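Visitor: My structure is stored as target_25.pdb, with PDB, C-alpha atoms and all ligand atoms.
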```pdb
ATOM      1  CA  MET V 363     125.117 134.099 171.441
ATOM      2  CA  ASN V 364     122.812 135.344 174.109
ATOM      3  CA  ARG V 365     119.202 135.061 175.091
ATOM      4  CA  LEU V 366     118.042 138.239 173.430
ATOM      5  CA  THR V 367     119.590 137.337 170.099
ATOM      6  CA  LEU V 368     118.234 133.795 170.268
ATOM      7  CA  GLY V 369     114.785 135.188 170.892
ATOM      8  CA  ALA V 370     115.157 137.600 168.020
ATOM      9  CA  LEU V 371     116.340 134.839 165.704
ATOM     10  CA  ALA V 372     113.470 132.603 166.729
ATOM     11  CA  ALA V 373     111.007 135.427 166.186
ATOM     12  CA  ALA V 374     112.494 136.245 162.792
ATOM     13  CA  THR V 375     112.414 132.601 161.775
ATOM     14  CA  ALA V 376     108.804 132.244 162.888
ATOM     15  CA  LEU V 377     107.859 135.386 160.987
ATOM     16  CA  LEU V 378     109.370 133.977 157.835
ATOM     17  CA  GLY V 379     107.315 130.843 158.312
ATOM     18  CA  GLY V 380     110.399 128.638 158.449
ATOM     19  CA  ALA V 381     110.742 125.476 160.504
ATOM     20  CA  ALA V 382     113.231 125.876 163.324
ATOM     21  CA  ALA V 383     114.893 122.671 164.426
ATOM     22  CA  ALA V 384     117.102 122.883 167.489
ATOM     23  CA  GLN V 385     119.739 120.193 167.754
ATOM     24  CA  GLN V 386     120.425 121.128 171.330
ATOM     25  CA  ALA V 387     118.184 122.974 173.726
ATOM     26  CA  PRO V 388     118.789 126.705 173.476
ATOM     27  CA  PRO V 389     118.735 128.835 176.615
ATOM     28  CA  PRO V 390     115.244 129.819 177.757
ATOM     29  CA  ALA V 391     113.905 132.300 175.217
ATOM     30  CA  PRO V 392     112.186 135.483 176.334
ATOM     31  CA  ALA V 393     108.678 136.276 175.203
ATOM     32  CA  ALA V 394     108.506 137.307 171.540
ATOM     33  CA  PRO V 395     108.918 141.061 171.028
ATOM     34  CA  ASN V 396     105.661 142.918 171.539
ATOM     35  CA  PHE V 397     105.570 144.851 168.282
ATOM     36  CA  ALA V 398     102.137 146.357 168.934
ATOM     37  CA  ALA V 399     103.452 148.087 172.062
ATOM     38  CA  THR V 400     106.795 149.105 170.547
ATOM     39  CA  GLU V 401     107.527 152.798 170.265
ATOM     40  CA  ILE V 402     110.242 154.114 167.986
ATOM     41  CA  THR V 403     112.422 156.726 169.659
ATOM     42  CA  ALA V 404     114.806 159.059 167.839
ATOM     43  CA  THR V 405     118.118 160.393 169.200
ATOM     44  CA  ASP V 406     119.391 163.494 167.376
ATOM     45  CA  LEU V 407     123.047 163.069 166.373
ATOM     46  CA  GLY V 408     123.256 166.440 164.587
ATOM     47  CA  HIS V 409     123.673 167.240 160.870
ATOM     48  CA  ARG V 410     120.274 165.700 160.026
ATOM     49  CA  THR V 411     121.371 162.337 161.402
ATOM     50  CA  TRP V 412     119.472 160.262 163.997
ATOM     51  CA  MET V 413     119.592 156.961 165.840
ATOM     52  CA  LEU V 414     116.216 155.179 165.989
ATOM     53  CA  GLN V 415     115.440 152.512 168.576
ATOM     54  CA  GLY V 416     112.451 150.192 168.829
ATOM     55  CA  GLN V 417     112.822 146.409 168.984
ATOM     56  CA  GLY V 418     115.868 144.735 167.505
ATOM     57  CA  GLY V 419     118.925 146.475 166.153
ATOM     58  CA  ASN V 420     119.512 150.201 166.220
ATOM     59  CA  ILE V 421     118.748 152.172 163.055
ATOM     60  CA  THR V 422     120.700 155.164 161.725
ATOM     61  CA  VAL V 423     118.890 157.762 159.599
ATOM     62  CA  ILE V 424     120.873 160.126 157.334
ATOM     63  CA  ALA V 425     118.659 162.754 155.710
ATOM     64  CA  GLY V 426     119.692 164.617 152.563
ATOM     65  CA  ASP V 427     117.978 167.262 150.411
ATOM     66  CA  ASP V 428     116.323 164.765 148.084
ATOM     67  CA  GLY V 429     116.271 161.502 150.001
ATOM     68  CA  VAL V 430     117.190 159.505 153.066
ATOM     69  CA  ILE V 431     119.807 156.811 153.679
ATOM     70  CA  MET V 432     118.701 154.368 156.386
ATOM     71  CA  VAL V 433     121.010 151.840 158.037
ATOM     72  CA  ASP V 434     119.146 148.668 159.153
ATOM     73  CA  THR V 435     115.397 148.108 159.405
ATOM     74  CA  GLU V 436     114.621 146.083 162.577
ATOM     75  CA  PHE V 437     111.748 143.547 162.323
ATOM     76  CA  ALA V 438     109.233 143.396 159.462
ATOM     77  CA  PRO V 439     106.137 144.151 161.623
ATOM     78  CA  LEU V 440     107.700 147.475 162.671
ATOM     79  CA  HIS V 441     107.911 148.801 159.101
ATOM     80  CA  ASP V 442     104.945 151.148 159.379
ATOM     81  CA  LYS V 443     106.107 152.598 162.698
ATOM     82  CA  ILE V 444     109.682 153.051 161.469
ATOM     83  CA  LYS V 445     108.475 154.649 158.241
ATOM     84  CA  ALA V 446     106.326 157.058 160.261
ATOM     85  CA  ALA V 447     109.250 157.875 162.573
ATOM     86  CA  VAL V 448     111.521 158.628 159.591
ATOM     87  CA  GLY V 449     108.712 160.690 158.059
ATOM     88  CA  LYS V 450     108.746 162.965 161.093
ATOM     89  CA  LEU V 451     112.469 163.622 160.543
ATOM     90  CA  SER V 452     112.412 164.152 156.763
ATOM     91  CA  ASP V 453     109.695 164.583 154.150
ATOM     92  CA  LYS V 454     111.953 163.002 151.506
ATOM     93  CA  PRO V 455     111.745 159.329 150.466
ATOM     94  CA  ILE V 456     114.003 156.610 151.855
ATOM     95  CA  ARG V 457     116.254 156.013 148.846
ATOM     96  CA  TYR V 458     118.733 153.531 150.298
ATOM     97  CA  VAL V 459     118.565 150.880 153.003
ATOM     98  CA  VAL V 460     121.953 149.552 154.109
ATOM     99  CA  ASP V 461     122.152 146.176 155.874
ATOM    100  CA  THR V 462     124.958 146.043 158.456
ATOM    101  CA  HIS V 463     124.552 142.231 158.545
ATOM    102  CA  LEU V 464     122.048 139.539 157.707
ATOM    103  CA  HIS V 465     120.228 138.907 161.005
ATOM    104  CA  GLY V 466     116.456 139.305 161.022
ATOM    105  CA  ASP V 467     116.383 141.860 163.829
ATOM    106  CA  HIS V 468     118.303 144.187 161.454
ATOM    107  CA  THR V 469     117.020 143.162 157.999
ATOM    108  CA  GLY V 470     113.398 142.212 158.770
ATOM    109  CA  GLY V 471     112.049 145.337 157.082
ATOM    110  CA  ASN V 472     114.060 144.914 153.870
ATOM    111  CA  GLN V 473     111.264 143.725 151.633
ATOM    112  CA  ALA V 474     108.718 146.303 152.794
ATOM    113  CA  PHE V 475     111.123 149.234 152.434
ATOM    114  CA  SER V 476     112.170 147.927 149.026
ATOM    115  CA  LEU V 477     108.523 147.853 147.940
ATOM    116  CA  ASP V 478     108.322 151.482 149.111
ATOM    117  CA  GLY V 479     111.069 152.289 146.585
ATOM    118  CA  ALA V 480     114.297 151.995 148.576
ATOM    119  CA  THR V 481     117.340 150.289 147.039
ATOM    120  CA  LEU V 482     118.710 147.581 149.348
ATOM    121  CA  ILE V 483     122.487 147.557 149.759
ATOM    122  CA  GLY V 484     124.742 145.105 151.542
ATOM    123  CA  HIS V 485     128.029 143.264 151.323
ATOM    124  CA  ALA V 486     128.251 140.522 148.674
ATOM    125  CA  ASN V 487     128.730 137.865 151.380
ATOM    126  CA  LEU V 488     125.585 139.043 153.153
ATOM    127  CA  ARG V 489     123.556 138.677 149.979
ATOM    128  CA  ARG V 490     124.873 135.180 149.354
ATOM    129  CA  SER V 491     124.252 134.028 152.938
ATOM    130  CA  MET V 492     120.733 135.472 152.976
ATOM    131  CA  ALA V 493     119.971 133.798 149.637
ATOM    132  CA  GLU V 494     121.311 130.423 150.784
ATOM    133  CA  GLY V 495     120.042 130.478 154.374
ATOM    134  CA  THR V 496     122.250 129.964 157.417
ATOM    135  CA  THR V 497     122.579 127.659 160.412
ATOM    136  CA  ASN V 498     123.345 128.840 163.929
ATOM    137  CA  ALA V 499     126.545 127.041 164.962
ATOM    138  CA  LEU V 500     125.554 126.914 168.622
ATOM    139  CA  THR V 501     121.921 125.859 168.460
ATOM    140  CA  GLY V 502     121.521 124.321 165.002
ATOM    141  CA  VAL V 503     118.588 126.670 164.386
ATOM    142  CA  LYS V 504     118.248 127.245 160.666
ATOM    143  CA  THR V 505     117.315 130.553 159.090
ATOM    144  CA  PRO V 506     115.720 129.709 155.718
ATOM    145  CA  PRO V 507     116.722 131.427 152.478
ATOM    146  CA  ALA V 508     115.323 134.964 152.329
ATOM    147  CA  PRO V 509     112.861 135.803 149.552
ATOM    148  CA  ASN V 510     114.357 137.572 146.540
ATOM    149  CA  GLY V 511     112.627 140.810 147.433
ATOM    150  CA  ALA V 512     114.507 140.960 150.736
ATOM    151  CA  LEU V 513     117.949 140.595 149.154
ATOM    152  CA  PRO V 514     120.192 143.586 148.419
ATOM    153  CA  SER V 515     120.021 144.535 144.748
ATOM    154  CA  ARG V 516     123.362 146.335 145.074
ATOM    155  CA  THR V 517     126.402 144.758 146.677
ATOM    156  CA  TYR V 518     130.042 145.719 147.089
ATOM    157  CA  ALA V 519     133.357 144.040 147.938
ATOM    158  CA  ASP V 520     135.583 146.295 150.087
ATOM    159  CA  ARG V 521     134.025 149.737 150.338
ATOM    160  CA  MET V 522     131.356 151.855 148.724
ATOM    161  CA  THR V 523     130.214 155.467 148.963
ATOM    162  CA  LEU V 524     126.498 156.238 148.952
ATOM    163  CA  SER V 525     125.189 159.733 148.300
ATOM    164  CA  VAL V 526     121.948 161.596 148.456
ATOM    165  CA  HIS V 527     122.030 165.305 147.701
ATOM    166  CA  GLY V 528     124.039 167.018 150.438
ATOM    167  CA  ARG V 529     124.900 163.827 152.337
ATOM    168  CA  ARG V 530     127.352 160.987 152.039
ATOM    169  CA  ALA V 531     127.796 157.632 153.786
ATOM    170  CA  GLU V 532     130.860 155.410 153.509
ATOM    171  CA  LEU V 533     130.270 151.669 153.672
ATOM    172  CA  VAL V 534     133.254 149.571 154.764
ATOM    173  CA  HIS V 535     133.394 145.784 154.876
ATOM    174  CA  MET V 536     134.744 144.430 158.171
ATOM    175  CA  PRO V 537     135.850 140.885 157.268
ATOM    176  CA  ASN V 538     134.761 137.889 159.360
ATOM    177  CA  ALA V 539     133.698 139.687 162.529
ATOM    178  CA  HIS V 540     130.076 139.329 163.743
ATOM    179  CA  THR V 541     129.354 137.578 160.406
ATOM    180  CA  GLN V 542     131.215 137.279 157.094
ATOM    181  CA  GLY V 543     129.162 140.085 155.554
ATOM    182  CA  ASP V 544     129.455 142.937 158.065
ATOM    183  CA  THR V 545     129.235 146.553 156.930
ATOM    184  CA  ALA V 546     130.259 149.511 159.092
ATOM    185  CA  VAL V 547     128.845 152.882 158.030
ATOM    186  CA  TRP V 548     130.707 156.153 158.499
ATOM    187  CA  VAL V 549     128.873 159.445 158.157
ATOM    188  CA  PRO V 550     131.730 161.962 157.851
ATOM    189  CA  ASP V 551     129.847 165.283 158.141
ATOM    190  CA  ALA V 552     128.016 164.188 161.302
ATOM    191  CA  ASP V 553     131.023 162.269 162.718
ATOM    192  CA  VAL V 554     128.818 159.206 163.213
ATOM    193  CA  LEU V 555     129.772 155.534 162.985
ATOM    194  CA  ALA V 556     127.179 152.739 162.782
ATOM    195  CA  THR V 557     128.875 149.473 163.726
ATOM    196  CA  GLY V 558     126.139 146.856 163.414
ATOM    197  CA  ASP V 559     126.483 143.964 165.851
ATOM    198  CA  ILE V 560     130.291 144.024 165.838
ATOM    199  CA  VAL V 561     129.589 146.315 168.783
ATOM    200  CA  SER V 562     126.641 145.265 170.919
ATOM    201  CA  VAL V 563     126.185 146.334 174.544
ATOM    202  CA  GLY V 564     123.732 146.261 177.424
ATOM    203  CA  ALA V 565     123.493 143.047 179.520
ATOM    204  CA  ARG V 566     124.958 141.044 176.681
ATOM    205  CA  TYR V 567     128.110 140.011 174.899
ATOM    206  CA  PRO V 568     128.443 140.422 171.164
ATOM    207  CA  ASN V 569     127.159 137.409 169.292
ATOM    208  CA  ILE V 570     129.693 135.724 167.007
ATOM    209  CA  ASP V 571     127.832 134.044 164.153
ATOM    210  CA  VAL V 572     130.378 131.273 163.714
ATOM    211  CA  GLY V 573     127.942 129.478 161.379
ATOM    212  CA  ASP V 574     128.330 132.460 159.024
ATOM    213  CA  ARG V 575     132.115 132.612 159.536
ATOM    214  CA  GLY V 576     132.003 135.192 162.297
ATOM    215  CA  ASP V 577     135.246 135.314 164.260
ATOM    216  CA  ILE V 578     136.320 136.827 167.601
ATOM    217  CA  ASP V 579     139.647 137.921 166.096
ATOM    218  CA  GLY V 580     137.734 139.754 163.375
ATOM    219  CA  ILE V 581     135.591 141.493 165.994
ATOM    220  CA  VAL V 582     138.660 142.753 167.856
ATOM    221  CA  ALA V 583     140.315 143.819 164.582
ATOM    222  CA  ALA V 584     137.185 145.688 163.501
ATOM    223  CA  VAL V 585     136.904 147.501 166.835
ATOM    224  CA  ASP V 586     140.567 148.491 166.528
ATOM    225  CA  ALA V 587     139.800 149.964 163.103
ATOM    226  CA  PHE V 588     136.850 151.879 164.590
ATOM    227  CA  LEU V 589     139.037 153.260 167.406
ATOM    228  CA  LYS V 590     141.705 154.319 164.932
ATOM    229  CA  ARG V 591     139.310 156.366 162.862
ATOM    230  CA  SER V 592     137.181 157.881 165.653
ATOM    231  CA  ASP V 593     137.877 160.703 168.065
ATOM    232  CA  ALA V 594     136.429 162.078 171.298
ATOM    233  CA  LYS V 595     133.474 163.635 169.452
ATOM    234  CA  THR V 596     132.522 160.628 167.324
ATOM    235  CA  LYS V 597     128.998 159.343 167.983
ATOM    236  CA  ILE V 598     128.967 155.562 167.787
ATOM    237  CA  VAL V 599     125.694 153.745 167.079
ATOM    238  CA  PRO V 600     126.151 150.134 168.270
ATOM    239  CA  GLY V 601     124.081 147.248 166.915
ATOM    240  CA  HIS V 602     122.212 147.099 170.218
ATOM    241  CA  GLY V 603     122.263 149.345 173.272
ATOM    242  CA  PRO V 604     122.682 153.068 173.913
ATOM    243  CA  LEU V 605     124.727 155.531 171.866
ATOM    244  CA  MET V 606     128.449 155.207 172.628
ATOM    245  CA  SER V 607     131.505 157.452 172.784
ATOM    246  CA  ARG V 608     135.048 156.519 171.819
ATOM    247  CA  ASP V 609     135.791 155.955 175.523
ATOM    248  CA  ASP V 610     132.893 153.489 175.705
ATOM    249  CA  LEU V 611     134.236 151.756 172.608
ATOM    250  CA  ALA V 612     137.727 151.499 174.149
ATOM    251  CA  LYS V 613     136.217 149.798 177.218
ATOM    252  CA  TYR V 614     134.314 147.432 174.946
ATOM    253  CA  ARG V 615     137.542 146.611 173.112
ATOM    254  CA  THR V 616     139.186 145.698 176.412
ATOM    255  CA  LEU V 617     136.212 143.533 177.360
ATOM    256  CA  VAL V 618     136.118 141.483 174.155
ATOM    257  CA  ALA V 619     139.916 141.196 173.977
ATOM    258  CA  ASP V 620     140.078 140.032 177.629
ATOM    259  CA  ALA V 621     137.415 137.409 176.881
ATOM    260  CA  ARG V 622     139.265 136.259 173.786
ATOM    261  CA  ASP V 623     142.615 136.053 175.563
ATOM    262  CA  ALA V 624     141.193 134.133 178.535
ATOM    263  CA  VAL V 625     139.667 131.483 176.255
ATOM    264  CA  ALA V 626     142.624 131.395 173.843
ATOM    265  CA  LYS V 627     145.052 130.693 176.686
ATOM    266  CA  LEU V 628     143.081 127.647 177.857
ATOM    267  CA  LYS V 629     142.524 126.406 174.304
ATOM    268  CA  ALA V 630     146.268 126.689 173.630
ATOM    269  CA  SER V 631     146.944 124.560 176.723
ATOM    270  CA  GLY V 632     145.128 121.697 175.007
ATOM    271  CA  MET V 633     141.767 121.851 176.788
ATOM    272  CA  THR V 634     138.625 120.794 174.938
ATOM    273  CA  GLU V 635     135.734 123.201 174.436
ATOM    274  CA  ASP V 636     133.761 121.612 177.282
ATOM    275  CA  GLN V 637     136.765 121.774 179.604
ATOM    276  CA  VAL V 638     137.188 125.470 178.849
ATOM    277  CA  VAL V 639     133.481 126.061 179.486
ATOM    278  CA  ALA V 640     133.761 124.215 182.824
ATOM    279  CA  ALA V 641     136.766 126.356 183.821
ATOM    280  CA  LYS V 642     134.546 129.498 183.575
ATOM    281  CA  PRO V 643     137.302 131.755 182.218
ATOM    282  CA  LEU V 644     135.003 134.811 182.082
ATOM    283  CA  ALA V 645     133.709 134.518 185.663
ATOM    284  CA  ALA V 646     136.552 136.396 187.328
ATOM    285  CA  SER V 647     135.952 139.808 185.778
ATOM    286  CA  VAL V 648     134.660 139.789 182.212
ATOM    287  CA  GLN V 649     131.107 138.610 182.925
ATOM    288  CA  SER V 650     130.397 141.298 185.536
ATOM    289  CA  ARG V 651     131.775 144.034 183.250
ATOM    290  CA  ALA V 652     129.389 142.902 180.494
ATOM    291  CA  ASP V 653     126.533 142.568 183.018
ATOM    292  CA  ALA V 654     125.995 139.153 181.403
ATOM    293  CA  THR V 655     124.472 135.929 182.730
ATOM    294  CA  ASP V 656     126.201 132.578 183.332
ATOM    295  CA  GLN V 657     124.404 131.113 180.312
ATOM    296  CA  GLN V 658     125.541 134.006 178.125
ATOM    297  CA  SER V 659     129.104 133.363 179.265
ATOM    298  CA  VAL V 660     128.836 129.664 178.343
ATOM    299  CA  SER V 661     127.668 130.566 174.826
ATOM    300  CA  PHE V 662     130.282 133.288 174.386
ATOM    301  CA  VAL V 663     133.090 130.967 175.519
ATOM    302  CA  ARG V 664     131.985 128.304 173.014
ATOM    303  CA  LEU V 665     131.875 130.786 170.138
ATOM    304  CA  ILE V 666     135.254 132.261 171.031
ATOM    305  CA  TYR V 667     136.748 128.767 171.332
ATOM    306  CA  ARG V 668     135.476 127.799 167.892
ATOM    307  CA  SER V 669     136.744 130.918 166.140
ATOM    308  CA  VAL V 670     139.859 132.111 167.985
ATOM    309  CA  GLY V 671     143.227 131.809 166.300
ATOM    310  CA  GLY V 672     141.656 130.469 163.130
TER     311      GLY V 672
HETATM  312 ZN    ZN E 701     123.270 140.339 164.604
END
```
Do you think you could lay out the structure here as structure tokens?
Ligand SMILES: [Zn+2]
Guide:
Amino acid sequence: MNRLTLGALAAATALLGGAAAAQQAPPPAPAAPNFAATEITATDLGHRTWMLQGQGGNITVIAGDDGVIMVDTEFAPLHDKIKAAVGKLSDKPIRYVVDTHLHGDHTGGNQAFSLDGATLIGHANLRRSMAEGTTNALTGVKTPPAPNGALPSRTYADRMTLSVHGRRAELVHMPNAHTQGDTAVWVPDADVLATGDIVSVGARYPNIDVGDRGDIDGIVAAVDAFLKRSDAKTKIVPGHGPLMSRDDLAKYRTLVADARDAVAKLKASGMTEDQVVAAKPLAASVQSRADATDQQSVSFVRLIYRSVGG
């Protein structure tokens, strides 16, 4: 967990009109995203494929001859701007919206894009968790059940291929990583991988949504699977942060595995969660490599402790 994600969750919860009850004080939240001032930028990944960035998670756009596949939607208030940005890249309708995971900074636009005619697609676990609502393990903040119109109408179990004319995207479930319903999206012709928040960079650690059965071991396993299938030319769209190469991903793998191992060693020695937090196992080298804050390290240590070796 980190400050940015907490802020995003709080904003998403507020937008849904839900009551947020914190059982323990979360870290100071930043100001809510300024949607009015947000600009959507597009990075050309080749083969009619783009990464869009605004506020919240990165979006991947895959344009075919008769329609567009879009991966993630950011926040609901950005729908019009995102739709306009996609419209500049393709004059065809958005046929499919894929949710990499359930968090509101990635799925906020679901309902609006569905009303536009897109079919929402996500892992079966994601649909169930969105329908039931979730609780943040670290803060106790509850995300209320999503309205029916925001839920994927098509789900899958292990993998699924989506096609528009001339383009194909492969959806692969990455079990118990950032959440229990993570989808990674491979775009073979463009050699692009969209990871969702299993990979999240830029003055932050990945969040592990332990309340939705996220697991540090699953994150490392998923990144290993990404490394195995990618090569030096693969363009990797992380959940947050700039476009990555395989080399960047290998460094990220080392970072998260070092963090896991440092916490796992202390946990195995019999220390309690608070004792491990007090020992600051990430201070020596991991925190500076992630460009993270002390508070982010405290949260990350707690989430690793609760999920490692399980
Ligand atoms: Zn997330």
Visitor: Find the residues around range 449-455 of chain V up to 10 Å (all atoms listed in the file counted), leave out those fewer than 5 positions away in its own chain, and share them as number ranges by chain.
Guide: V: 404, 406, 410-412, 423-431, 443-444, 478-480
Visitor: Taking the file as shown, find all residues satisfying the PyMOL selection byres (((chain V and resi 460) around 7) and not hetatm) and write them as a VMD selection string.
Guide: chain V and resid 432 to 434 458 to 459 461 to 462 482 to 484
Visitor: Pick from V:Asn569, V:Gln473, V:Thr517, V:Asn510: nearest to ligand ZN 701 (chain E), with all atoms listed in the file counted?
Guide: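 Going through V:Asn569, V:Gln473, V:Thr517, V:Asn510 one by one, the smallest distance to ligand ZN 701 (chain E) is for V:Asn569.
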Visitor: Distance CA of Val561 in chain V-CA of Ala447 in chain V, one decimal place?
Guide: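 Between CA of Val561 in chain V and CA of Ala447 in chain V the gap works out to 24.2 Å.
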Visitor: Looking at only C-alpha atoms and all ligand atoms, which of V:Ile570, V:Val526, V:Ala438, V:Val585 is the one that sits closest to ligand ZN 701 (chain E)?
Guide: V:Ile570
Visitor: Might you pull out every residue within 7 Å of Thr403 in chain V, with only C-alpha atoms counted and same-chain residues fewer than 3 positions away left off, and present them as a VMD selection string?
Guide: chain V and resid 414 to 416
Visitor: Written as JSON, numbers by chain, which residues does the PyMOL selection byres (((chain V and resi 537) around 10) and not hetatm) give for the file shown?
Guide: {"V": [487, 520, 534, 535, 536, 538, 539, 540, 541, 542, 543, 544, 545, 575, 576, 577, 580, 581, 583, 584]}
Visitor: If you keep C-alpha atoms, can you produce a file of those selected residues as an mmCIF file, in the coordinates of the input?
Guide:
```cif
data_model
loop_
_atom_site.group_PDB
_atom_site.id
_atom_site.type_symbol
_atom_site.label_atom_id
_atom_site.label_comp_id
_atom_site.auth_asym_id
_atom_site.auth_seq_id
_atom_site.Cartn_x
_atom_site.Cartn_y
_atom_site.Cartn_z
ATOM 1 C CA ASN V 487 128.730 137.865 151.380
ATOM 2 C CA ASP V 520 135.583 146.295 150.087
ATOM 3 C CA VAL V 534 133.254 149.571 154.764
ATOM 4 C CA HIS V 535 133.394 145.784 154.876
ATOM 5 C CA MET V 536 134.744 144.430 158.171
ATOM 6 C CA ASN V 538 134.761 137.889 159.360
ATOM 7 C CA ALA V 539 133.698 139.687 162.529
ATOM 8 C CA HIS V 540 130.076 139.329 163.743
ATOM 9 C CA THR V 541 129.354 137.578 160.406
ATOM 10 C CA GLN V 542 131.215 137.279 157.094
ATOM 11 C CA GLY V 543 129.162 140.085 155.554
ATOM 12 C CA ASP V 544 129.455 142.937 158.065
ATOM 13 C CA THR V 545 129.235 146.553 156.930
ATOM 14 C CA ARG V 575 132.115 132.612 159.536
ATOM 15 C CA GLY V 576 132.003 135.192 162.297
ATOM 16 C CA ASP V 577 135.246 135.314 164.260
ATOM 17 C CA GLY V 580 137.734 139.754 163.375
ATOM 18 C CA ILE V 581 135.591 141.493 165.994
ATOM 19 C CA ALA V 583 140.315 143.819 164.582
ATOM 20 C CA ALA V 584 137.185 145.688 163.501
#
```
Visitor: With distances taken over all atoms listed in the file, which of V:Leu617, V:Ala552, V:Leu464, V:Val503 is nearest to ligand ZN 701 (chain E)?
Guide: V:Leu464
Visitor: Pick out the residues no farther than 12 Å from ligand ZN 701 (chain E), counting all atoms listed in the file, and list them as a short mmCIF file (atom, residue, chain, number, x, y, z; two decimals) with C-alpha atoms, in the frame of the given file.
Guide:
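Once written, part_36.cif looks like this:
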```cif
data_model
loop_
_atom_site.label_atom_id
_atom_site.label_comp_id
_atom_site.auth_asym_id
_atom_site.auth_seq_id
_atom_site.Cartn_x
_atom_site.Cartn_y
_atom_site.Cartn_z
CA MET V 363 125.12 134.10 171.44
CA ASN V 364 122.81 135.34 174.11
CA LEU V 366 118.04 138.24 173.43
CA THR V 367 119.59 137.34 170.10
CA LEU V 368 118.23 133.79 170.27
CA GLY V 369 114.78 135.19 170.89
CA ALA V 370 115.16 137.60 168.02
CA LEU V 371 116.34 134.84 165.70
CA ALA V 374 112.49 136.24 162.79
CA GLY V 418 115.87 144.74 167.50
CA GLY V 419 118.92 146.48 166.15
CA ASN V 420 119.51 150.20 166.22
CA ASP V 434 119.15 148.67 159.15
CA GLU V 436 114.62 146.08 162.58
CA ASP V 461 122.15 146.18 155.87
CA THR V 462 124.96 146.04 158.46
CA HIS V 463 124.55 142.23 158.54
CA LEU V 464 122.05 139.54 157.71
CA HIS V 465 120.23 138.91 161.00
CA GLY V 466 116.46 139.30 161.02
CA ASP V 467 116.38 141.86 163.83
CA HIS V 468 118.30 144.19 161.45
CA THR V 469 117.02 143.16 158.00
CA GLY V 470 113.40 142.21 158.77
CA LEU V 488 125.58 139.04 153.15
CA ASN V 498 123.34 128.84 163.93
CA ALA V 539 133.70 139.69 162.53
CA HIS V 540 130.08 139.33 163.74
CA THR V 541 129.35 137.58 160.41
CA GLN V 542 131.22 137.28 157.09
CA GLY V 543 129.16 140.08 155.55
CA ASP V 544 129.46 142.94 158.06
CA THR V 545 129.24 146.55 156.93
CA THR V 557 128.88 149.47 163.73
CA GLY V 558 126.14 146.86 163.41
CA ASP V 559 126.48 143.96 165.85
CA ILE V 560 130.29 144.02 165.84
CA VAL V 561 129.59 146.32 168.78
CA SER V 562 126.64 145.26 170.92
CA VAL V 563 126.18 146.33 174.54
CA TYR V 567 128.11 140.01 174.90
CA PRO V 568 128.44 140.42 171.16
CA ASN V 569 127.16 137.41 169.29
CA ILE V 570 129.69 135.72 167.01
CA ASP V 571 127.83 134.04 164.15
CA VAL V 572 130.38 131.27 163.71
CA ASP V 574 128.33 132.46 159.02
CA GLY V 576 132.00 135.19 162.30
CA PRO V 600 126.15 150.13 168.27
CA GLY V 601 124.08 147.25 166.92
CA HIS V 602 122.21 147.10 170.22
#
```
Visitor: Using the chain letters and residue numbers of this document, give as a PyMOL selection string the residues selected by the PyMOL selection byres (((chain V and resi 628) around 10) and not hetatm).
Guide: chain V and resi 623-627+629-635+637-639+641+643+667
Visitor: If I take CA of Pro509 in chain V and CA of Leu555 in chain V, how far is one from the other in Å, to one decimal?
Guide: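 Calculated distance between CA of Pro509 in chain V and CA of Leu555 in chain V is 29.3 Å.
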Visitor: So, with all atoms listed in the file as the atoms that count, which of V:Ala556, V:Asp586, V:Gln658, V:Pro507 lies closest to Met606 in chain V?
Guide: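 Nearest candidate to Met606 in chain V out of V:Ala556, V:Asp586, V:Gln658, V:Pro507: V:Ala556.
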Visitor: Output as AutoDock Vina command-line options the centre and edge lengths (Å, one decimal) of the box along x, y and z of the file that holds every listed atom of range 577-586 of chain V after adding 4 Å on each side.
Guide:
```
--center_x 137.9 --center_y 141.9 --center_z 165.6 --size_x 13.3 --size_y 21.2 --size_z 12.5
```
Visitor: Generate N, CA and C atoms for range 658-665 of chain V and emit them as an mmCIF file, in the frame of the given file.
Guide:
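So the final result, stored in rebuild-v9.cif, reads:
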```
data_model
loop_
_atom_site.group_PDB
_atom_site.id
_atom_site.type_symbol
_atom_site.label_atom_id
_atom_site.label_comp_id
_atom_site.auth_asym_id
_atom_site.auth_seq_id
_atom_site.Cartn_x
_atom_site.Cartn_y
_atom_site.Cartn_z
ATOM 1 N N GLN V 658 124.928 133.201 179.188
ATOM 2 C CA GLN V 658 125.541 134.006 178.125
ATOM 3 C C GLN V 658 127.049 133.766 178.066
ATOM 4 N N SER V 659 127.664 133.614 179.248
ATOM 5 C CA SER V 659 129.104 133.363 179.265
ATOM 6 C C SER V 659 129.431 132.007 178.649
ATOM 7 N N VAL V 660 128.610 130.992 178.934
ATOM 8 C CA VAL V 660 128.836 129.664 178.343
ATOM 9 C C VAL V 660 128.810 129.769 176.816
ATOM 10 N N SER V 661 127.793 130.443 176.284
ATOM 11 C CA SER V 661 127.668 130.566 174.826
ATOM 12 C C SER V 661 128.838 131.353 174.236
ATOM 13 N N PHE V 662 129.201 132.437 174.901
ATOM 14 C CA PHE V 662 130.282 133.288 174.386
ATOM 15 C C PHE V 662 131.604 132.511 174.378
ATOM 16 N N VAL V 663 131.862 131.770 175.456
ATOM 17 C CA VAL V 663 133.090 130.967 175.519
ATOM 18 C C VAL V 663 133.127 129.966 174.368
ATOM 19 N N ARG V 664 132.005 129.297 174.103
ATOM 20 C CA ARG V 664 131.985 128.304 173.014
ATOM 21 C C ARG V 664 132.277 128.961 171.652
ATOM 22 N N LEU V 665 131.690 130.118 171.432
ATOM 23 C CA LEU V 665 131.875 130.786 170.138
ATOM 24 C C LEU V 665 133.291 131.338 169.990
#
```
